[in-house]
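Here's protein09.cif, which has mmCIF, N, CA and C atoms:
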```cif
data_upload
#
loop_
_atom_site.label_atom_id
_atom_site.label_comp_id
_atom_site.auth_asym_id
_atom_site.auth_seq_id
_atom_site.Cartn_x
_atom_site.Cartn_y
_atom_site.Cartn_z
N MET Q 1 106.74 119.22 111.83
CA MET Q 1 107.93 118.64 112.40
C MET Q 1 108.20 117.30 111.71
N LEU Q 2 109.42 117.13 111.23
CA LEU Q 2 109.81 115.93 110.51
C LEU Q 2 109.99 114.75 111.48
N ARG Q 3 109.51 113.58 111.05
CA ARG Q 3 109.73 112.38 111.85
C ARG Q 3 109.78 111.16 110.94
N VAL Q 4 110.43 110.12 111.43
CA VAL Q 4 110.53 108.85 110.72
C VAL Q 4 109.28 108.04 111.06
N THR Q 5 108.61 107.53 110.03
CA THR Q 5 107.38 106.76 110.27
C THR Q 5 107.55 105.27 109.98
N ASP Q 6 108.63 104.91 109.26
CA ASP Q 6 108.88 103.50 108.97
C ASP Q 6 110.36 103.31 108.71
N VAL Q 7 110.87 102.14 109.08
CA VAL Q 7 112.28 101.83 108.85
C VAL Q 7 112.39 100.37 108.43
N GLU Q 8 113.27 100.14 107.46
CA GLU Q 8 113.51 98.79 106.97
C GLU Q 8 115.01 98.62 106.77
N TYR Q 9 115.57 97.56 107.33
CA TYR Q 9 116.98 97.25 107.12
C TYR Q 9 117.13 96.72 105.70
N ILE Q 10 118.12 97.25 104.96
CA ILE Q 10 118.37 96.81 103.59
C ILE Q 10 119.57 95.87 103.56
N LYS Q 11 120.76 96.38 103.87
CA LYS Q 11 121.97 95.56 103.93
C LYS Q 11 123.09 96.43 104.49
N ASP Q 12 124.15 95.77 104.92
CA ASP Q 12 125.31 96.47 105.49
C ASP Q 12 124.85 97.52 106.49
N TYR Q 13 125.09 98.79 106.20
CA TYR Q 13 124.68 99.87 107.11
C TYR Q 13 123.62 100.75 106.46
N GLN Q 14 122.83 100.14 105.59
CA GLN Q 14 121.81 100.88 104.85
C GLN Q 14 120.42 100.60 105.41
N LEU Q 15 119.67 101.68 105.56
CA LEU Q 15 118.29 101.60 106.01
C LEU Q 15 117.41 102.34 105.01
N LEU Q 16 116.21 101.83 104.81
CA LEU Q 16 115.22 102.54 104.04
C LEU Q 16 114.26 103.17 105.03
N LEU Q 17 114.21 104.49 105.01
CA LEU Q 17 113.39 105.24 105.95
C LEU Q 17 112.25 105.92 105.21
N THR Q 18 111.08 105.92 105.81
CA THR Q 18 109.96 106.69 105.30
C THR Q 18 109.67 107.77 106.33
N PHE Q 19 109.42 108.97 105.82
CA PHE Q 19 109.19 110.13 106.69
C PHE Q 19 107.73 110.55 106.61
N ASN Q 20 107.32 111.35 107.56
CA ASN Q 20 105.91 111.75 107.64
C ASN Q 20 105.46 112.65 106.49
N ASP Q 21 106.38 113.06 105.62
CA ASP Q 21 105.98 113.80 104.42
C ASP Q 21 105.75 112.85 103.24
N GLY Q 22 105.86 111.52 103.50
CA GLY Q 22 105.62 110.52 102.48
C GLY Q 22 106.84 110.15 101.65
N ILE Q 23 107.95 110.83 101.86
CA ILE Q 23 109.18 110.57 101.12
C ILE Q 23 109.92 109.40 101.75
N SER Q 24 110.43 108.49 100.90
CA SER Q 24 111.28 107.39 101.35
C SER Q 24 112.70 107.69 100.93
N LYS Q 25 113.64 107.42 101.83
CA LYS Q 25 115.05 107.68 101.54
C LYS Q 25 115.90 106.50 101.96
N LEU Q 26 116.87 106.19 101.10
CA LEU Q 26 117.86 105.18 101.41
C LEU Q 26 119.01 105.88 102.11
N VAL Q 27 119.29 105.46 103.34
CA VAL Q 27 120.31 106.10 104.17
C VAL Q 27 121.43 105.11 104.43
N ASP Q 28 122.64 105.49 104.06
CA ASP Q 28 123.83 104.68 104.32
C ASP Q 28 124.59 105.33 105.48
N LEU Q 29 124.61 104.67 106.61
CA LEU Q 29 125.19 105.25 107.82
C LEU Q 29 126.64 104.84 108.07
N GLU Q 30 127.24 104.07 107.18
CA GLU Q 30 128.57 103.51 107.44
C GLU Q 30 129.58 104.57 107.87
N LYS Q 31 129.70 105.66 107.15
CA LYS Q 31 130.72 106.66 107.49
C LYS Q 31 130.36 107.49 108.73
N HIS Q 32 129.16 107.34 109.22
CA HIS Q 32 128.72 108.09 110.40
C HIS Q 32 128.83 107.29 111.70
N LEU Q 33 129.26 106.05 111.59
CA LEU Q 33 129.34 105.18 112.77
C LEU Q 33 130.72 105.30 113.41
N THR Q 34 130.93 106.40 114.11
CA THR Q 34 132.20 106.67 114.78
C THR Q 34 131.93 107.16 116.20
N GLY Q 35 132.96 107.14 117.01
CA GLY Q 35 132.85 107.66 118.37
C GLY Q 35 132.30 106.65 119.35
N ALA Q 36 132.18 107.11 120.58
CA ALA Q 36 131.79 106.22 121.68
C ALA Q 36 130.36 105.72 121.57
N VAL Q 37 129.47 106.53 121.03
CA VAL Q 37 128.05 106.13 120.95
C VAL Q 37 127.76 105.35 119.67
N PHE Q 38 128.24 105.84 118.53
CA PHE Q 38 127.89 105.22 117.25
C PHE Q 38 128.90 104.19 116.79
N GLY Q 39 130.14 104.24 117.25
CA GLY Q 39 131.17 103.28 116.87
C GLY Q 39 130.78 101.83 117.11
N PRO Q 40 130.18 101.51 118.25
CA PRO Q 40 129.78 100.12 118.50
C PRO Q 40 128.78 99.57 117.47
N LEU Q 41 128.08 100.47 116.77
CA LEU Q 41 127.10 100.02 115.77
C LEU Q 41 127.75 99.47 114.51
N ARG Q 42 129.07 99.54 114.41
CA ARG Q 42 129.78 98.91 113.30
C ARG Q 42 129.65 97.39 113.38
N ASP Q 43 129.36 96.89 114.56
CA ASP Q 43 129.04 95.47 114.72
C ASP Q 43 127.63 95.29 114.16
N LYS Q 44 127.52 94.60 113.03
CA LYS Q 44 126.23 94.49 112.36
C LYS Q 44 125.17 93.82 113.22
N LYS Q 45 125.59 92.95 114.13
CA LYS Q 45 124.62 92.33 115.02
C LYS Q 45 123.96 93.38 115.91
N LEU Q 46 124.72 94.41 116.28
CA LEU Q 46 124.18 95.51 117.07
C LEU Q 46 123.45 96.51 116.17
N PHE Q 47 123.98 96.75 114.98
CA PHE Q 47 123.37 97.72 114.06
C PHE Q 47 121.93 97.37 113.73
N ILE Q 48 121.65 96.09 113.56
CA ILE Q 48 120.29 95.71 113.17
C ILE Q 48 119.30 95.69 114.34
N GLN Q 49 119.78 96.02 115.53
CA GLN Q 49 118.91 96.07 116.71
C GLN Q 49 118.42 97.49 116.94
N PHE Q 50 117.48 97.91 116.12
CA PHE Q 50 116.93 99.26 116.22
C PHE Q 50 115.42 99.18 116.35
N ALA Q 51 114.84 100.27 116.77
CA ALA Q 51 113.39 100.36 116.89
C ALA Q 51 112.94 101.74 116.46
N LEU Q 52 111.72 101.81 116.01
CA LEU Q 52 111.12 103.08 115.65
C LEU Q 52 110.56 103.72 116.91
N THR Q 53 110.94 104.96 117.15
CA THR Q 53 110.41 105.71 118.29
C THR Q 53 109.36 106.69 117.79
N ARG Q 54 108.92 107.56 118.64
CA ARG Q 54 107.92 108.56 118.27
C ARG Q 54 108.40 109.49 117.16
N MET Q 55 109.74 109.74 117.11
CA MET Q 55 110.29 110.71 116.15
C MET Q 55 111.29 110.13 115.16
N THR Q 56 112.04 109.11 115.57
CA THR Q 56 113.17 108.65 114.77
C THR Q 56 113.42 107.17 115.05
N ILE Q 57 114.62 106.71 114.76
CA ILE Q 57 115.00 105.35 115.10
C ILE Q 57 116.01 105.40 116.23
N GLU Q 58 115.99 104.36 117.05
CA GLU Q 58 116.93 104.28 118.18
C GLU Q 58 117.46 102.86 118.26
N TRP Q 59 118.75 102.77 118.53
CA TRP Q 59 119.38 101.46 118.67
C TRP Q 59 119.34 101.01 120.12
N VAL Q 60 119.57 99.74 120.31
CA VAL Q 60 119.50 99.12 121.63
C VAL Q 60 120.48 99.77 122.62
N ASN Q 61 121.59 100.34 122.12
CA ASN Q 61 122.55 100.99 123.00
C ASN Q 61 122.17 102.43 123.33
N GLY Q 62 121.00 102.89 122.88
CA GLY Q 62 120.53 104.24 123.18
C GLY Q 62 120.88 105.28 122.13
N ALA Q 63 121.68 104.91 121.13
CA ALA Q 63 122.04 105.84 120.07
C ALA Q 63 120.82 106.16 119.21
N ASP Q 64 120.71 107.42 118.82
CA ASP Q 64 119.68 107.81 117.87
C ASP Q 64 120.18 108.99 117.04
N LEU Q 65 119.53 109.23 115.93
CA LEU Q 65 119.90 110.32 115.03
C LEU Q 65 118.66 111.16 114.75
N ALA Q 66 118.87 112.45 114.64
CA ALA Q 66 117.76 113.36 114.35
C ALA Q 66 117.16 113.03 112.99
N PRO Q 67 115.84 113.06 112.88
CA PRO Q 67 115.23 112.77 111.59
C PRO Q 67 115.67 113.74 110.49
N GLU Q 68 115.95 114.98 110.85
CA GLU Q 68 116.41 115.97 109.87
C GLU Q 68 117.77 115.56 109.29
N PHE Q 69 118.66 115.04 110.13
CA PHE Q 69 119.96 114.57 109.67
C PHE Q 69 119.78 113.39 108.72
N LEU Q 70 118.96 112.43 109.10
CA LEU Q 70 118.72 111.26 108.28
C LEU Q 70 118.12 111.66 106.93
N TYR Q 71 117.22 112.61 106.95
CA TYR Q 71 116.57 113.10 105.73
C TYR Q 71 117.60 113.75 104.81
N ASP Q 72 118.47 114.55 105.39
CA ASP Q 72 119.49 115.27 104.60
C ASP Q 72 120.50 114.35 103.96
N ILE Q 73 120.91 113.29 104.65
CA ILE Q 73 121.95 112.41 104.09
C ILE Q 73 121.38 111.30 103.22
N GLY Q 74 120.07 111.11 103.25
CA GLY Q 74 119.44 110.04 102.49
C GLY Q 74 119.26 110.39 101.02
N LYS Q 75 119.13 109.35 100.22
CA LYS Q 75 118.83 109.50 98.79
C LYS Q 75 117.38 109.10 98.57
N THR Q 76 116.63 110.00 97.98
CA THR Q 76 115.21 109.76 97.74
C THR Q 76 115.03 108.57 96.81
N VAL Q 77 114.11 107.70 97.18
CA VAL Q 77 113.82 106.52 96.37
C VAL Q 77 112.33 106.43 96.12
N GLU Q 78 112.00 105.75 95.05
CA GLU Q 78 110.60 105.41 94.78
C GLU Q 78 110.49 103.92 95.02
N ARG Q 79 109.62 103.52 95.89
CA ARG Q 79 109.44 102.10 96.19
C ARG Q 79 108.73 101.42 95.02
N LYS Q 80 109.22 100.24 94.67
CA LYS Q 80 108.51 99.42 93.69
C LYS Q 80 107.40 98.69 94.43
N LEU Q 81 106.43 98.23 93.73
CA LEU Q 81 105.30 97.56 94.36
C LEU Q 81 105.65 96.19 94.91
N CYS Q 82 106.68 95.54 94.33
CA CYS Q 82 107.07 94.23 94.84
C CYS Q 82 108.02 94.40 96.02
N VAL Q 83 108.20 93.34 96.75
CA VAL Q 83 109.12 93.37 97.88
C VAL Q 83 110.55 93.36 97.36
N ALA Q 84 111.34 94.33 97.76
CA ALA Q 84 112.72 94.43 97.30
C ALA Q 84 113.63 93.58 98.18
N GLU Q 85 114.62 92.96 97.56
CA GLU Q 85 115.56 92.14 98.32
C GLU Q 85 116.82 92.90 98.68
N ASP Q 86 117.12 93.96 97.96
CA ASP Q 86 118.25 94.81 98.33
C ASP Q 86 118.07 96.18 97.71
N ALA Q 87 118.99 97.08 97.99
CA ALA Q 87 118.87 98.46 97.56
C ALA Q 87 118.81 98.60 96.05
N ALA Q 88 119.32 97.64 95.31
CA ALA Q 88 119.28 97.70 93.84
C ALA Q 88 117.85 97.64 93.33
N ASP Q 89 116.92 97.19 94.15
CA ASP Q 89 115.52 97.10 93.75
C ASP Q 89 114.75 98.39 93.95
N TYR Q 90 115.43 99.44 94.34
CA TYR Q 90 114.80 100.74 94.54
C TYR Q 90 115.33 101.72 93.51
N GLN Q 91 114.44 102.55 93.00
CA GLN Q 91 114.82 103.59 92.05
C GLN Q 91 115.26 104.81 92.85
N ILE Q 92 116.51 105.21 92.68
CA ILE Q 92 117.01 106.39 93.38
C ILE Q 92 116.79 107.61 92.51
N ASN Q 93 116.16 108.61 93.07
CA ASN Q 93 115.94 109.87 92.36
C ASN Q 93 117.07 110.82 92.69
N GLN Q 94 117.71 111.33 91.71
CA GLN Q 94 118.79 112.30 91.91
C GLN Q 94 118.21 113.70 91.79
N ARG Q 95 117.56 114.14 92.84
CA ARG Q 95 116.95 115.49 92.86
C ARG Q 95 117.88 116.48 93.47
#
```
The structure given in the file should be rewritten as structure tokens.
Amino acid sequence: MLRVTDVEYIKDYQLLLTFNDGISKLVDLEKHLTGAVFGPLRDKKLFIQFALTRMTIEWVNGADLAPEFLYDIGKTVERKLCVAEDAADYQINQR
């Protein structure tokens, strides 16, 4: 069963997620923040208020996304050994 094991805010509406299969993906949620539940997350002050749960990430307003969805929309990245300051510091694999 797929689950998110780590999450890091990158910038804007981008998160770097690591999954239990060891794959890290850069996920840009901007176009997915619509409707009554996800629309309020367009406020970046609210967007950055998330936590890692047993399976995925959840925002303070109760919104969450299935790990399978996050995995599918994410772009696989290879983490560099140094601390990255933004998404440009990650190598995106076009697989």
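Residues selected in this file by the PyMOL selection byres ((chain Q and resi 25) around 8) comprise Leu15, Leu16, Leu17, Thr18, Phe19, Gly22, Ile23, Ser24, Leu26, Val27, Asp28, Leu70, Tyr71, Ile73, Gly74, Lys75, Thr76, Val77 and Glu78 of chain Q.
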Picked from chain Q by DSSP as strand (DSSP E or B), as a VMD selection string: chain Q and resid 4 to 11 14 to 19 24 to 28 50 to 52 57 to 59 64 75 to 78 91 to 92
Interface rows for region 16-48 of chain Q against region 56-62 of chain Q: nearest pair, Å to one decimal, 8 Å, all atoms listed in the file, as JSON lines:
```
{"residue": "Q:Val37", "atom": "C", "partner": "Q:Asn61", "partner_atom": "C", "distance": 7.3}
{"residue": "Q:Leu46", "atom": "C", "partner": "Q:Val60", "partner_atom": "N", "distance": 6.5}
{"residue": "Q:Phe47", "atom": "C", "partner": "Q:Trp59", "partner_atom": "CA", "distance": 6.9}
{"residue": "Q:Ile48", "atom": "C", "partner": "Q:Trp59", "partner_atom": "CA", "distance": 7.2}
```
Store the residues of this selection in a file with N, CA and C atoms, as a PDB file, in the frame of the given file.
```pdb
ATOM      1  N   VAL Q  37     129.470 106.530 121.030  1.00  0.00           N
ATOM      2  CA  VAL Q  37     128.050 106.130 120.950  1.00  0.00           C
ATOM      3  C   VAL Q  37     127.760 105.350 119.670  1.00  0.00           C
ATOM      4  N   LEU Q  46     124.720  94.410 116.280  1.00  0.00           N
ATOM      5  CA  LEU Q  46     124.180  95.510 117.070  1.00  0.00           C
ATOM      6  C   LEU Q  46     123.450  96.510 116.170  1.00  0.00           C
ATOM      7  N   PHE Q  47     123.980  96.750 114.980  1.00  0.00           N
ATOM      8  CA  PHE Q  47     123.370  97.720 114.060  1.00  0.00           C
ATOM      9  C   PHE Q  47     121.930  97.370 113.730  1.00  0.00           C
ATOM     10  N   ILE Q  48     121.650  96.090 113.560  1.00  0.00           N
ATOM     11  CA  ILE Q  48     120.290  95.710 113.170  1.00  0.00           C
ATOM     12  C   ILE Q  48     119.300  95.690 114.340  1.00  0.00           C
TER      13      ILE Q  48
END
```
Interatomic distance (Å, one decimal) between CA of Glu30 (chain Q) and CA of Asp64 (chain Q): 14.4 Å
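Going from CA of Asn20 (chain Q) to CA of Met1 (chain Q) covers 8.6 Å.
Taking CA of His32 (chain Q) as the reference point, atom N of Leu2 (chain Q) is found at 21.3 Å.
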In chain Q, DSSP helix (DSSP H, G or I) residues written as a PyMOL selection string: chain Q and resi 30-32+35-42+44-47+67-73+87-89
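Each of Q:Arg42, Q:Leu29, Q:Asp72, Q:Ala51 was checked against Gln14 (chain Q) using only C-alpha atoms; the smallest atom-to-atom distance is that of Q:Leu29.
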